[in-house]
Structure formats: C-alpha cells, structure tokens
>>> print(open('entry.csv').read())   # CSV, N, CA and C atoms
chain,number,residue,atom,x,y,z
A,30,MET,N,-8.2,16.9,-5.9
A,30,MET,CA,-9.4,17.7,-5.8
A,30,MET,C,-9.1,19.1,-5.3
A,31,THR,N,-8.4,19.2,-4.1
A,31,THR,CA,-8.0,20.5,-3.6
A,31,THR,C,-6.6,20.3,-3.0
A,32,PRO,N,-6.0,21.4,-2.5
A,32,PRO,CA,-4.6,21.2,-1.9
A,32,PRO,C,-4.7,20.4,-0.6
A,33,TYR,N,-5.9,20.2,-0.1
A,33,TYR,CA,-6.0,19.4,1.2
A,33,TYR,C,-6.7,18.1,1.1
A,34,PHE,N,-7.4,17.8,0.0
A,34,PHE,CA,-8.1,16.5,-0.1
A,34,PHE,C,-7.9,16.0,-1.5
A,35,GLY,N,-7.9,14.6,-1.6
A,35,GLY,CA,-7.8,14.0,-2.9
A,35,GLY,C,-8.1,12.5,-2.9
A,36,PHE,N,-8.0,11.9,-4.0
A,36,PHE,CA,-8.2,10.5,-4.2
A,36,PHE,C,-7.0,9.9,-4.8
A,37,GLU,N,-6.7,8.6,-4.5
A,37,GLU,CA,-5.6,7.9,-5.2
A,37,GLU,C,-5.8,6.5,-5.3
A,38,GLY,N,-5.2,5.8,-6.3
A,38,GLY,CA,-5.3,4.4,-6.5
A,38,GLY,C,-3.9,3.8,-6.2
A,39,GLU,N,-3.9,2.5,-5.9
A,39,GLU,CA,-2.6,1.9,-5.6
A,39,GLU,C,-2.6,0.5,-6.2
A,40,GLY,N,-1.5,0.1,-6.8
A,40,GLY,CA,-1.3,-1.3,-7.3
A,40,GLY,C,0.1,-1.7,-7.0
A,41,SER,N,0.2,-2.9,-6.5
A,41,SER,CA,1.6,-3.4,-6.2
A,41,SER,C,1.6,-4.9,-6.4
A,42,PHE,N,2.8,-5.5,-6.4
A,42,PHE,CA,3.0,-6.9,-6.6
A,42,PHE,C,4.3,-7.3,-5.8
A,43,GLY,N,4.4,-8.6,-5.5
A,43,GLY,CA,5.6,-9.1,-4.8
A,43,GLY,C,6.8,-9.3,-5.7
A,44,VAL,N,7.9,-9.0,-5.2
A,44,VAL,CA,9.1,-9.2,-6.0
A,44,VAL,C,10.0,-10.3,-5.5
A,45,ARG,N,9.7,-10.8,-4.3
A,45,ARG,CA,10.5,-11.9,-3.7
A,45,ARG,C,9.6,-12.8,-3.0
A,46,ASP,N,9.7,-14.1,-3.3
A,46,ASP,CA,8.9,-15.1,-2.6
A,46,ASP,C,9.4,-15.3,-1.1
A,47,ASP,N,8.6,-15.7,-0.2
A,47,ASP,CA,9.0,-16.0,1.1
A,47,ASP,C,8.8,-17.5,1.4
A,48,GLU,N,9.6,-18.0,2.3
A,48,GLU,CA,9.5,-19.4,2.6
A,48,GLU,C,9.2,-19.6,4.1
A,49,VAL,N,8.2,-20.5,4.4
A,49,VAL,CA,7.8,-20.7,5.7
A,49,VAL,C,7.9,-22.2,6.0
A,50,THR,N,8.4,-22.6,7.1
A,50,THR,CA,8.5,-24.0,7.5
A,50,THR,C,7.6,-24.2,8.7
A,51,ILE,N,6.7,-25.2,8.6
A,51,ILE,CA,5.9,-25.7,9.6
A,51,ILE,C,6.1,-27.1,9.8
A,52,GLY,N,6.7,-27.5,10.9
A,52,GLY,CA,7.1,-28.9,11.1
A,52,GLY,C,8.1,-29.3,10.1
A,53,ALA,N,7.8,-30.4,9.4
A,53,ALA,CA,8.7,-30.9,8.3
A,53,ALA,C,8.3,-30.4,6.9
A,54,VAL,N,7.3,-29.5,6.8
A,54,VAL,CA,6.8,-29.0,5.5
A,54,VAL,C,7.3,-27.6,5.3
A,55,THR,N,7.9,-27.3,4.2
A,55,THR,CA,8.3,-26.0,3.8
A,55,THR,C,7.4,-25.5,2.7
A,56,ALA,N,6.9,-24.3,2.8
A,56,ALA,CA,5.9,-23.7,1.8
A,56,ALA,C,6.5,-22.5,1.3
A,57,ASP,N,6.3,-22.2,0.0
A,57,ASP,CA,6.7,-21.0,-0.7
A,57,ASP,C,5.4,-20.1,-0.7
A,58,ILE,N,5.6,-18.8,-0.2
A,58,ILE,CA,4.5,-17.9,-0.2
A,58,ILE,C,4.8,-16.8,-1.2
A,59,ASP,N,3.9,-16.6,-2.2
A,59,ASP,CA,4.0,-15.5,-3.2
A,59,ASP,C,3.0,-14.5,-3.0
A,60,HIS,N,3.4,-13.2,-3.0
A,60,HIS,CA,2.5,-12.1,-3.0
A,60,HIS,C,2.1,-11.7,-4.5
A,61,ASN,N,1.0,-12.1,-4.9
A,61,ASN,CA,0.6,-11.9,-6.3
A,61,ASN,C,0.3,-10.4,-6.6
A,62,TYR,N,-0.6,-9.8,-5.8
A,62,TYR,CA,-0.9,-8.4,-6.1
A,62,TYR,C,-1.7,-7.8,-5.0
A,63,ASP,N,-1.7,-6.4,-4.9
A,63,ASP,CA,-2.6,-5.6,-4.1
A,63,ASP,C,-3.2,-4.6,-5.0
A,64,LEU,N,-4.5,-4.3,-4.8
A,64,LEU,CA,-5.2,-3.1,-5.5
A,64,LEU,C,-6.0,-2.4,-4.4
A,65,ALA,N,-5.9,-1.1,-4.4
A,65,ALA,CA,-6.7,-0.3,-3.4
A,65,ALA,C,-7.0,1.1,-4.0
A,66,ALA,N,-8.0,1.7,-3.4
A,66,ALA,CA,-8.4,3.1,-3.6
A,66,ALA,C,-8.5,3.8,-2.3
A,67,TYR,N,-8.1,5.1,-2.3
A,67,TYR,CA,-8.0,5.8,-1.0
A,67,TYR,C,-8.6,7.2,-1.2
A,68,GLY,N,-9.1,7.7,-0.1
A,68,GLY,CA,-9.3,9.2,0.1
A,68,GLY,C,-8.1,9.7,0.9
A,69,VAL,N,-7.6,10.8,0.6
A,69,VAL,CA,-6.4,11.3,1.2
A,69,VAL,C,-6.6,12.7,1.7
A,70,ALA,N,-6.1,13.0,2.9
A,70,ALA,CA,-6.0,14.4,3.5
A,70,ALA,C,-4.5,14.8,3.5
A,71,PHE,N,-4.3,16.0,2.9
A,71,PHE,CA,-2.9,16.5,2.9
A,71,PHE,C,-2.7,17.7,3.8
A,72,LEU,N,-1.5,17.8,4.3
A,72,LEU,CA,-1.1,19.0,5.1
A,72,LEU,C,0.2,19.6,4.4
A,73,PRO,N,0.0,20.6,3.5
A,73,PRO,CA,1.2,21.2,2.9
A,73,PRO,C,2.1,21.9,3.9
A,74,VAL,N,3.4,21.5,4.0
A,74,VAL,CA,4.3,22.2,4.9
A,74,VAL,C,5.0,23.3,4.2
A,75,ASN,N,5.4,23.1,2.9
A,75,ASN,CA,5.9,24.1,2.1
A,75,ASN,C,5.6,23.7,0.6
A,76,PRO,N,6.0,24.5,-0.4
A,76,PRO,CA,5.6,24.1,-1.7
A,76,PRO,C,6.1,22.7,-2.2
A,77,ASN,N,7.1,22.2,-1.6
A,77,ASN,CA,7.7,20.9,-2.1
A,77,ASN,C,7.5,19.8,-1.1
A,78,PHE,N,6.9,20.0,0.1
A,78,PHE,CA,6.8,19.0,1.1
A,78,PHE,C,5.4,19.0,1.7
A,79,GLU,N,4.9,17.8,1.8
A,79,GLU,CA,3.6,17.7,2.5
A,79,GLU,C,3.4,16.4,3.3
A,80,LEU,N,2.7,16.4,4.3
A,80,LEU,CA,2.3,15.2,5.1
A,80,LEU,C,0.9,14.8,4.7
A,81,PHE,N,0.6,13.5,4.9
A,81,PHE,CA,-0.7,13.0,4.5
A,81,PHE,C,-1.2,11.9,5.4
A,82,ALA,N,-2.5,11.7,5.4
A,82,ALA,CA,-3.1,10.6,6.0
A,82,ALA,C,-4.1,10.0,5.0
A,83,ARG,N,-4.3,8.7,4.9
A,83,ARG,CA,-5.2,8.1,3.9
A,83,ARG,C,-6.0,7.0,4.5
A,84,LEU,N,-7.2,6.8,3.9
A,84,LEU,CA,-8.1,5.7,4.3
A,84,LEU,C,-8.7,5.2,3.1
A,85,GLY,N,-8.7,3.8,3.0
A,85,GLY,CA,-9.3,3.2,1.7
A,85,GLY,C,-9.6,1.8,1.9
A,86,TYR,N,-9.9,1.1,0.8
A,86,TYR,CA,-10.4,-0.3,0.8
A,86,TYR,C,-9.6,-1.0,-0.3
A,87,GLY,N,-9.2,-2.2,-0.1
A,87,GLY,CA,-8.4,-2.9,-1.1
A,87,GLY,C,-8.5,-4.4,-1.1
A,88,THR,N,-7.9,-5.0,-2.0
A,88,THR,CA,-7.8,-6.5,-2.1
A,88,THR,C,-6.4,-7.0,-2.3
A,89,THR,N,-6.1,-8.1,-1.8
A,89,THR,CA,-4.8,-8.7,-1.8
A,89,THR,C,-4.9,-10.2,-2.2
A,90,GLU,N,-4.0,-10.6,-3.1
A,90,GLU,CA,-3.9,-12.1,-3.4
A,90,GLU,C,-2.6,-12.7,-3.1
A,91,LEU,N,-2.6,-13.8,-2.3
A,91,LEU,CA,-1.4,-14.5,-2.0
A,91,LEU,C,-1.5,-15.9,-2.5
A,92,GLU,N,-0.4,-16.6,-2.8
A,92,GLU,CA,-0.4,-18.0,-3.2
A,92,GLU,C,0.6,-18.7,-2.4
A,93,ALA,N,0.2,-19.9,-1.9
A,93,ALA,CA,1.1,-20.8,-1.1
A,93,ALA,C,1.3,-22.1,-1.8
A,94,SER,N,2.5,-22.6,-1.9
A,94,SER,CA,2.7,-23.9,-2.5
A,94,SER,C,3.7,-24.8,-1.7
A,95,ALA,N,3.3,-26.0,-1.5
A,95,ALA,CA,4.2,-27.0,-0.8
A,95,ALA,C,3.9,-28.4,-1.2
A,96,ALA,N,4.9,-29.2,-1.4
A,96,ALA,CA,4.7,-30.6,-1.7
A,96,ALA,C,3.8,-30.8,-2.9
A,97,GLY,N,4.0,-30.0,-4.0
A,97,GLY,CA,3.2,-30.1,-5.2
A,97,GLY,C,1.8,-29.6,-5.2
A,98,VAL,N,1.4,-29.0,-4.0
A,98,VAL,CA,0.0,-28.5,-3.9
A,98,VAL,C,0.1,-27.0,-3.8
A,99,SER,N,-0.8,-26.3,-4.6
A,99,SER,CA,-0.8,-24.8,-4.6
A,99,SER,C,-2.2,-24.3,-4.2
A,100,VAL,N,-2.2,-23.3,-3.3
A,100,VAL,CA,-3.5,-22.7,-2.9
A,100,VAL,C,-3.4,-21.2,-3.1
A,101,THR,N,-4.4,-20.6,-3.7
A,101,THR,CA,-4.5,-19.1,-3.8
A,101,THR,C,-5.6,-18.6,-2.9
A,102,GLU,N,-5.3,-17.5,-2.2
A,102,GLU,CA,-6.2,-16.9,-1.3
A,102,GLU,C,-6.2,-15.4,-1.5
A,103,ASP,N,-7.4,-14.8,-1.5
A,103,ASP,CA,-7.5,-13.4,-1.6
A,103,ASP,C,-8.2,-12.8,-0.4
A,104,GLY,N,-8.0,-11.6,-0.1
A,104,GLY,CA,-8.6,-11.0,1.1
A,104,GLY,C,-8.9,-9.5,0.8
A,105,GLU,N,-10.1,-9.1,1.3
A,105,GLU,CA,-10.5,-7.7,1.3
A,105,GLU,C,-10.0,-7.0,2.6
A,106,SER,N,-9.7,-5.7,2.5
A,106,SER,CA,-9.2,-5.1,3.7
A,106,SER,C,-9.5,-3.6,3.7
A,107,TRP,N,-9.7,-3.1,4.9
A,107,TRP,CA,-9.8,-1.6,5.1
A,107,TRP,C,-8.3,-1.2,5.4
A,108,ASN,N,-7.9,-0.2,4.7
A,108,ASN,CA,-6.5,0.3,4.8
A,108,ASN,C,-6.4,1.7,5.3
A,109,TYR,N,-5.4,2.0,6.1
A,109,TYR,CA,-5.2,3.3,6.6
A,109,TYR,C,-3.7,3.5,6.9
A,110,GLY,N,-3.3,4.8,6.7
A,110,GLY,CA,-1.9,5.0,6.9
A,110,GLY,C,-1.5,6.5,6.9
A,111,VAL,N,-0.2,6.8,7.1
A,111,VAL,CA,0.3,8.1,7.1
A,111,VAL,C,1.6,8.1,6.3
A,112,GLY,N,2.1,9.3,5.9
A,112,GLY,CA,3.3,9.4,5.2
A,112,GLY,C,3.7,10.9,4.8
A,113,ALA,N,4.6,11.0,4.0
A,113,ALA,CA,5.1,12.3,3.5
A,113,ALA,C,5.5,12.2,2.0
A,114,ASN,N,5.2,13.3,1.3
A,114,ASN,CA,5.6,13.5,-0.1
A,114,ASN,C,6.6,14.6,-0.2
A,115,TYR,N,7.6,14.4,-1.0
A,115,TYR,CA,8.6,15.5,-1.4
A,115,TYR,C,8.6,15.6,-2.9
A,116,PHE,N,8.3,16.8,-3.4
A,116,PHE,CA,8.2,17.0,-4.9
A,116,PHE,C,9.5,17.7,-5.4
A,117,PHE,N,10.1,17.2,-6.4
A,117,PHE,CA,11.2,17.8,-7.1
A,117,PHE,C,10.8,19.0,-7.9
A,118,ASP,N,9.6,18.9,-8.5
A,118,ASP,CA,9.0,20.0,-9.3
A,118,ASP,C,7.5,19.9,-9.0
A,119,GLY,N,6.7,20.5,-9.8
A,119,GLY,CA,5.3,20.6,-9.6
A,119,GLY,C,4.5,19.3,-9.7
A,120,GLN,N,5.1,18.3,-10.4
A,120,GLN,CA,4.5,17.0,-10.7
A,120,GLN,C,5.2,15.7,-10.2
A,121,ASN,N,6.5,15.8,-10.1
A,121,ASN,CA,7.2,14.6,-9.8
A,121,ASN,C,7.8,14.6,-8.4
A,122,GLY,N,7.8,13.4,-7.7
A,122,GLY,CA,8.3,13.4,-6.4
A,122,GLY,C,8.5,12.0,-5.8
A,123,VAL,N,8.9,12.0,-4.6
A,123,VAL,CA,9.1,10.7,-3.9
A,123,VAL,C,8.2,10.7,-2.6
A,124,ARG,N,7.8,9.5,-2.2
A,124,ARG,CA,6.9,9.3,-1.1
A,124,ARG,C,7.4,8.2,-0.1
A,125,GLY,N,7.3,8.5,1.1
A,125,GLY,CA,7.5,7.4,2.1
A,125,GLY,C,6.3,7.3,3.0
A,126,ASP,N,5.8,6.0,3.2
A,126,ASP,CA,4.6,5.9,4.0
A,126,ASP,C,4.5,4.5,4.7
A,127,TRP,N,3.6,4.5,5.6
A,127,TRP,CA,3.2,3.3,6.4
A,127,TRP,C,1.7,3.1,6.1
A,128,THR,N,1.3,1.9,5.8
A,128,THR,CA,-0.1,1.6,5.6
A,128,THR,C,-0.4,0.3,6.3
A,129,ARG,N,-1.5,0.3,7.1
A,129,ARG,CA,-2.0,-1.0,7.7
A,129,ARG,C,-3.1,-1.5,6.9
A,130,ARG,N,-3.1,-2.8,6.6
A,130,ARG,CA,-4.2,-3.5,5.9
A,130,ARG,C,-4.9,-4.3,7.0
A,131,ASP,N,-6.1,-4.0,7.3
A,131,ASP,CA,-6.9,-4.7,8.3
A,131,ASP,C,-7.9,-5.5,7.6
A,132,PHE,N,-7.6,-6.8,7.4
A,132,PHE,CA,-8.4,-7.7,6.6
A,132,PHE,C,-9.7,-8.0,7.3
A,133,THR,N,-10.7,-8.1,6.4
A,133,THR,CA,-12.1,-8.4,6.9
A,133,THR,C,-12.2,-9.9,7.2
A,134,ASP,N,-13.2,-10.4,7.8
A,134,ASP,CA,-13.5,-11.8,8.1
A,134,ASP,C,-12.3,-12.4,8.9
A,135,ASP,N,-11.9,-11.6,9.9
A,135,ASP,CA,-10.8,-12.1,10.8
A,135,ASP,C,-9.6,-12.6,10.1
A,136,GLY,N,-9.2,-11.9,9.0
A,136,GLY,CA,-8.0,-12.3,8.2
A,136,GLY,C,-6.7,-11.7,8.7
A,137,GLY,N,-6.8,-11.0,9.9
A,137,GLY,CA,-5.6,-10.4,10.4
A,137,GLY,C,-5.2,-9.1,9.9
A,138,GLU,N,-4.0,-8.6,10.2
A,138,GLU,CA,-3.5,-7.3,9.8
A,138,GLU,C,-2.1,-7.5,9.1
A,139,ALA,N,-1.8,-6.5,8.3
A,139,ALA,CA,-0.4,-6.5,7.7
A,139,ALA,C,0.0,-5.0,7.6
A,140,ASP,N,1.2,-4.8,8.1
A,140,ASP,CA,1.8,-3.4,8.0
A,140,ASP,C,2.7,-3.4,6.8
A,141,VAL,N,2.6,-2.3,6.0
A,141,VAL,CA,3.3,-2.2,4.7
A,141,VAL,C,4.1,-0.9,4.8
A,142,TYR,N,5.4,-0.9,4.6
A,142,TYR,CA,6.2,0.3,4.5
A,142,TYR,C,6.7,0.4,3.1
A,143,SER,N,6.7,1.7,2.6
A,143,SER,CA,7.1,1.8,1.2
A,143,SER,C,7.7,3.1,0.9
A,144,VAL,N,8.6,3.1,-0.1
A,144,VAL,CA,9.1,4.3,-0.7
A,144,VAL,C,8.7,4.3,-2.2
A,145,SER,N,8.1,5.3,-2.7
A,145,SER,CA,7.6,5.3,-4.1
A,145,SER,C,7.9,6.6,-4.9
A,146,TYR,N,7.9,6.4,-6.2
A,146,TYR,CA,7.8,7.6,-7.1
A,146,TYR,C,6.4,8.0,-7.2
A,147,ILE,N,6.1,9.3,-7.2
A,147,ILE,CA,4.7,9.7,-7.4
A,147,ILE,C,4.7,10.8,-8.5
A,148,ARG,N,3.5,10.8,-9.1
A,148,ARG,CA,3.3,11.7,-10.3
A,148,ARG,C,1.9,12.3,-10.1
A,149,ARG,N,1.9,13.7,-10.0
A,149,ARG,CA,0.6,14.4,-9.9
A,149,ARG,C,0.0,14.6,-11.3
A,150,PHE,N,-1.3,14.5,-11.3
A,150,PHE,CA,-2.0,14.8,-12.6
A,150,PHE,C,-2.9,16.0,-12.4
>>> encode(input="entry.csv", output="structure tokens")
Amino acid sequence: MTPYFGFEGEGSFGVRDDEVTIGAVTADIDHNYDLAAYGVAFLPVNPNFELFARLGYGTTELEASAAGVSVTEDGESWNYGVGANYFFDGQNGVRGDWTRRDFTDDGGEADVYSVSYIRRF
C-alpha cells in the first residue's frame, strides 16, 4: 500500500514428520499446512533493507497417527512477529523472521523461525 504499511498472505507446509513417544506408544506428527493473512508495518533502513512487524490471523492443520489410528486437528491463531527483508533488486529478496502463533481456545503457542524468498508486486 505504502512504503510503511502493507498486507501479505502466507502459506506453508511441513517437510519433515516428527515422532513423539508417550509411554510405550510412538506417534508420528505431520504438519499439513498453515495459511495466514497479515497487516505489516515496515521501517525502510536503506533502499535494499527494511525491518518489519506484522499482525495477522491464521489456521494450522496437524495430523497425528499411532498404532493404526490417525487424528487430524486444526487450530485458528492470532499471529504476530518481527523480521527483516533484504532486496537484491526492486522486487526480489530474502527475508528472515520470527512469528508466534497464539492459538485460540487454549490451544497453546508455537514459535516459527523462517528464511524465505520474497517477491514484491
């Protein structure tokens, strides 16, 4: 929208399953997907580098399976985070960020750290 405020969408999926053991039972945990929308405030430091803070809302789906039984659970979350963007040119760059997903209905919290390719439109 402006050099200081904008909107963005985010989609992600798990690339590696996790394994959890509780007592004698071992379960596989799969991260199926995350989808979110954010409002973002930018602080341009120079033409190629900017800091940002973002606030948004998202949904996450996880799947757990153990002993032949599979359960899928999704959760809605308020998301907030900070990071930095570095642009190689006017449209292409790389981003590093931290985002906390604060799940509704006492679903807990999750911290997500990422490095991403970004494209300005």
>>> residues_near_point(input="entry.csv", point="(3.9, -22.9, 5.1)", cutoff="12 Å", atoms="only C-alpha atoms", output="NGL selection string")
:A and (47-59 or 92-96 or 98-100)
>>> closest_residue(input="entry.csv", among="A:Pro32, A:Thr128, A:Tyr146, A:Gly85", to="Asn114 (chain A)", atoms="only C-alpha atoms")
A:Tyr146
>>> atom_distance(input="entry.csv", atom1="CA of Asp134 (chain A)", atom2="atom C of Ala70 (chain A)")
28.5 Å
>>> atom_distance(input="entry.csv", atom1="CA of Gly40 (chain A)", atom2="CA of Gly87 (chain A)")
9.6 Å
>>> closest_residue(input="entry.csv", among="A:Gly136, A:Gly119, A:Gly68, A:Gly125", to="Gly35 (chain A)", atoms="all atoms listed in the file")
A:Gly68
>>> residues_around(input="entry.csv", residues="Val69 (chain A)", least_positions_apart="5", cutoff="6 Å", atoms="all atoms listed in the file", output="list of chain:residue names")
A:Tyr33, A:Phe34, A:Gly35, A:Phe36, A:Glu37, A:Ala82, A:Arg83, A:Leu84
>>> residues_around(input="entry.csv", residues="Trp127 (chain A)", least_positions_apart="3", cutoff="7 Å", atoms="all atoms listed in the file", output="PDB file with N, CA and C atoms, in the coordinates of the input")
ATOM      1  N   TYR A 109      -5.400   2.000   6.100  1.00  0.00           N
ATOM      2  CA  TYR A 109      -5.200   3.300   6.600  1.00  0.00           C
ATOM      3  C   TYR A 109      -3.700   3.500   6.900  1.00  0.00           C
ATOM      4  N   GLY A 110      -3.300   4.800   6.700  1.00  0.00           N
ATOM      5  CA  GLY A 110      -1.900   5.000   6.900  1.00  0.00           C
ATOM      6  C   GLY A 110      -1.500   6.500   6.900  1.00  0.00           C
ATOM      7  N   VAL A 111      -0.200   6.800   7.100  1.00  0.00           N
ATOM      8  CA  VAL A 111       0.300   8.100   7.100  1.00  0.00           C
ATOM      9  C   VAL A 111       1.600   8.100   6.300  1.00  0.00           C
ATOM     10  N   GLY A 112       2.100   9.300   5.900  1.00  0.00           N
ATOM     11  CA  GLY A 112       3.300   9.400   5.200  1.00  0.00           C
ATOM     12  C   GLY A 112       3.700  10.900   4.800  1.00  0.00           C
ATOM     13  N   ALA A 113       4.600  11.000   4.000  1.00  0.00           N
ATOM     14  CA  ALA A 113       5.100  12.300   3.500  1.00  0.00           C
ATOM     15  C   ALA A 113       5.500  12.200   2.000  1.00  0.00           C
ATOM     16  N   ASP A 140       1.200  -4.800   8.100  1.00  0.00           N
ATOM     17  CA  ASP A 140       1.800  -3.400   8.000  1.00  0.00           C
ATOM     18  C   ASP A 140       2.700  -3.400   6.800  1.00  0.00           C
ATOM     19  N   VAL A 141       2.600  -2.300   6.000  1.00  0.00           N
ATOM     20  CA  VAL A 141       3.300  -2.200   4.700  1.00  0.00           C
ATOM     21  C   VAL A 141       4.100  -0.900   4.800  1.00  0.00           C
ATOM     22  N   TYR A 142       5.400  -0.900   4.600  1.00  0.00           N
ATOM     23  CA  TYR A 142       6.200   0.300   4.500  1.00  0.00           C
ATOM     24  C   TYR A 142       6.700   0.400   3.100  1.00  0.00           C
ATOM     25  N   SER A 143       6.700   1.700   2.600  1.00  0.00           N
ATOM     26  CA  SER A 143       7.100   1.800   1.200  1.00  0.00           C
ATOM     27  C   SER A 143       7.700   3.100   0.900  1.00  0.00           C
TER      28      SER A 143
END
>>> atom_distance(input="entry.csv", atom1="CA of Thr101 (chain A)", atom2="CA of Arg129 (chain A)")
21.6 Å
>>> select_by_dssp(input="entry.csv", residues="chain A", states="strand (DSSP E)", output="PyMOL selection string")
chain A and resi 34-41+47-51+54-75+78-95+98-116+121-132+138-148
>>> residues_near_point(input="entry.csv", point="(11.1, 13.8, -10.4)", cutoff="12 Å", atoms="only C-alpha atoms", output="NGL selection string")
:A and (77 or 114-124 or 145-149)
>>> closest_residue(input="entry.csv", among="A:Val144, A:Glu105, A:Leu72, A:Ser41", to="Phe132 (chain A)", atoms="all atoms listed in the file")
A:Glu105
>>> build_atoms(input="entry.csv", residues="region 59-67 of chain A", atoms="all heavy atoms", output="JSON list (two decimals), in the coordinates of the input")
[["chain", "number", "residue", "atom", "x", "y", "z"],
["A", 59, "ASP", "N", 3.90, -16.60, -2.20],
["A", 59, "ASP", "CA", 4.00, -15.50, -3.20],
["A", 59, "ASP", "C", 3.00, -14.50, -3.00],
["A", 59, "ASP", "O", 1.79, -14.75, -2.76],
["A", 59, "ASP", "CB", 3.78, -16.12, -4.60],
["A", 59, "ASP", "CG", 4.72, -17.26, -4.92],
["A", 59, "ASP", "OD1", 5.86, -17.23, -4.43],
["A", 59, "ASP", "OD2", 4.30, -18.17, -5.66],
["A", 60, "HIS", "N", 3.40, -13.20, -3.00],
["A", 60, "HIS", "CA", 2.50, -12.10, -3.00],
["A", 60, "HIS", "C", 2.10, -11.70, -4.50],
["A", 60, "HIS", "O", 2.98, -11.17, -5.18],
["A", 60, "HIS", "CB", 3.14, -10.89, -2.31],
["A", 60, "HIS", "CG", 2.37, -9.62, -2.38],
["A", 60, "HIS", "ND1", 2.98, -8.42, -2.49],
["A", 60, "HIS", "CD2", 1.05, -9.37, -2.36],
["A", 60, "HIS", "CE1", 2.08, -7.45, -2.54],
["A", 60, "HIS", "NE2", 0.90, -8.02, -2.47],
["A", 61, "ASN", "N", 1.00, -12.10, -4.90],
["A", 61, "ASN", "CA", 0.60, -11.90, -6.30],
["A", 61, "ASN", "C", 0.30, -10.40, -6.60],
["A", 61, "ASN", "O", 0.83, -9.86, -7.58],
["A", 61, "ASN", "CB", -0.55, -12.78, -6.75],
["A", 61, "ASN", "CG", -0.15, -14.24, -6.82],
["A", 61, "ASN", "OD1", 1.03, -14.56, -6.94],
["A", 61, "ASN", "ND2", -1.10, -15.13, -6.72],
["A", 62, "TYR", "N", -0.60, -9.80, -5.80],
["A", 62, "TYR", "CA", -0.90, -8.40, -6.10],
["A", 62, "TYR", "C", -1.70, -7.80, -5.00],
["A", 62, "TYR", "O", -2.30, -8.48, -4.13],
["A", 62, "TYR", "CB", -1.71, -8.20, -7.41],
["A", 62, "TYR", "CG", -3.10, -8.80, -7.37],
["A", 62, "TYR", "CD1", -4.17, -8.10, -6.83],
["A", 62, "TYR", "CD2", -3.34, -10.06, -7.90],
["A", 62, "TYR", "CE1", -5.44, -8.65, -6.80],
["A", 62, "TYR", "CE2", -4.61, -10.61, -7.88],
["A", 62, "TYR", "CZ", -5.65, -9.89, -7.32],
["A", 62, "TYR", "OH", -6.91, -10.45, -7.29],
["A", 63, "ASP", "N", -1.70, -6.40, -4.90],
["A", 63, "ASP", "CA", -2.60, -5.60, -4.10],
["A", 63, "ASP", "C", -3.20, -4.60, -5.00],
["A", 63, "ASP", "O", -2.51, -3.99, -5.85],
["A", 63, "ASP", "CB", -1.83, -4.85, -3.01],
["A", 63, "ASP", "CG", -1.39, -5.70, -1.85],
["A", 63, "ASP", "OD1", -2.26, -6.36, -1.26],
["A", 63, "ASP", "OD2", -0.19, -5.68, -1.54],
["A", 64, "LEU", "N", -4.50, -4.30, -4.80],
["A", 64, "LEU", "CA", -5.20, -3.10, -5.50],
["A", 64, "LEU", "C", -6.00, -2.40, -4.40],
["A", 64, "LEU", "O", -6.61, -3.05, -3.58],
["A", 64, "LEU", "CB", -6.09, -3.63, -6.59],
["A", 64, "LEU", "CG", -5.43, -4.35, -7.76],
["A", 64, "LEU", "CD1", -6.50, -4.94, -8.67],
["A", 64, "LEU", "CD2", -4.54, -3.39, -8.53],
["A", 65, "ALA", "N", -5.90, -1.10, -4.40],
["A", 65, "ALA", "CA", -6.70, -0.30, -3.40],
["A", 65, "ALA", "C", -7.00, 1.10, -4.00],
["A", 65, "ALA", "O", -6.35, 1.59, -4.86],
["A", 65, "ALA", "CB", -5.84, -0.19, -2.15],
["A", 66, "ALA", "N", -8.00, 1.70, -3.40],
["A", 66, "ALA", "CA", -8.40, 3.10, -3.60],
["A", 66, "ALA", "C", -8.50, 3.80, -2.30],
["A", 66, "ALA", "O", -8.97, 3.20, -1.29],
["A", 66, "ALA", "CB", -9.78, 3.09, -4.35],
["A", 67, "TYR", "N", -8.10, 5.10, -2.30],
["A", 67, "TYR", "CA", -8.00, 5.80, -1.00],
["A", 67, "TYR", "C", -8.60, 7.20, -1.20],
["A", 67, "TYR", "O", -8.46, 7.84, -2.22],
["A", 67, "TYR", "CB", -6.55, 5.99, -0.61],
["A", 67, "TYR", "CG", -5.83, 4.72, -0.25],
["A", 67, "TYR", "CD1", -5.13, 4.02, -1.22],
["A", 67, "TYR", "CD2", -5.87, 4.23, 1.03],
["A", 67, "TYR", "CE1", -4.47, 2.85, -0.91],
["A", 67, "TYR", "CE2", -5.20, 3.05, 1.36],
["A", 67, "TYR", "CZ", -4.50, 2.37, 0.38],
["A", 67, "TYR", "OH", -3.85, 1.21, 0.70]]
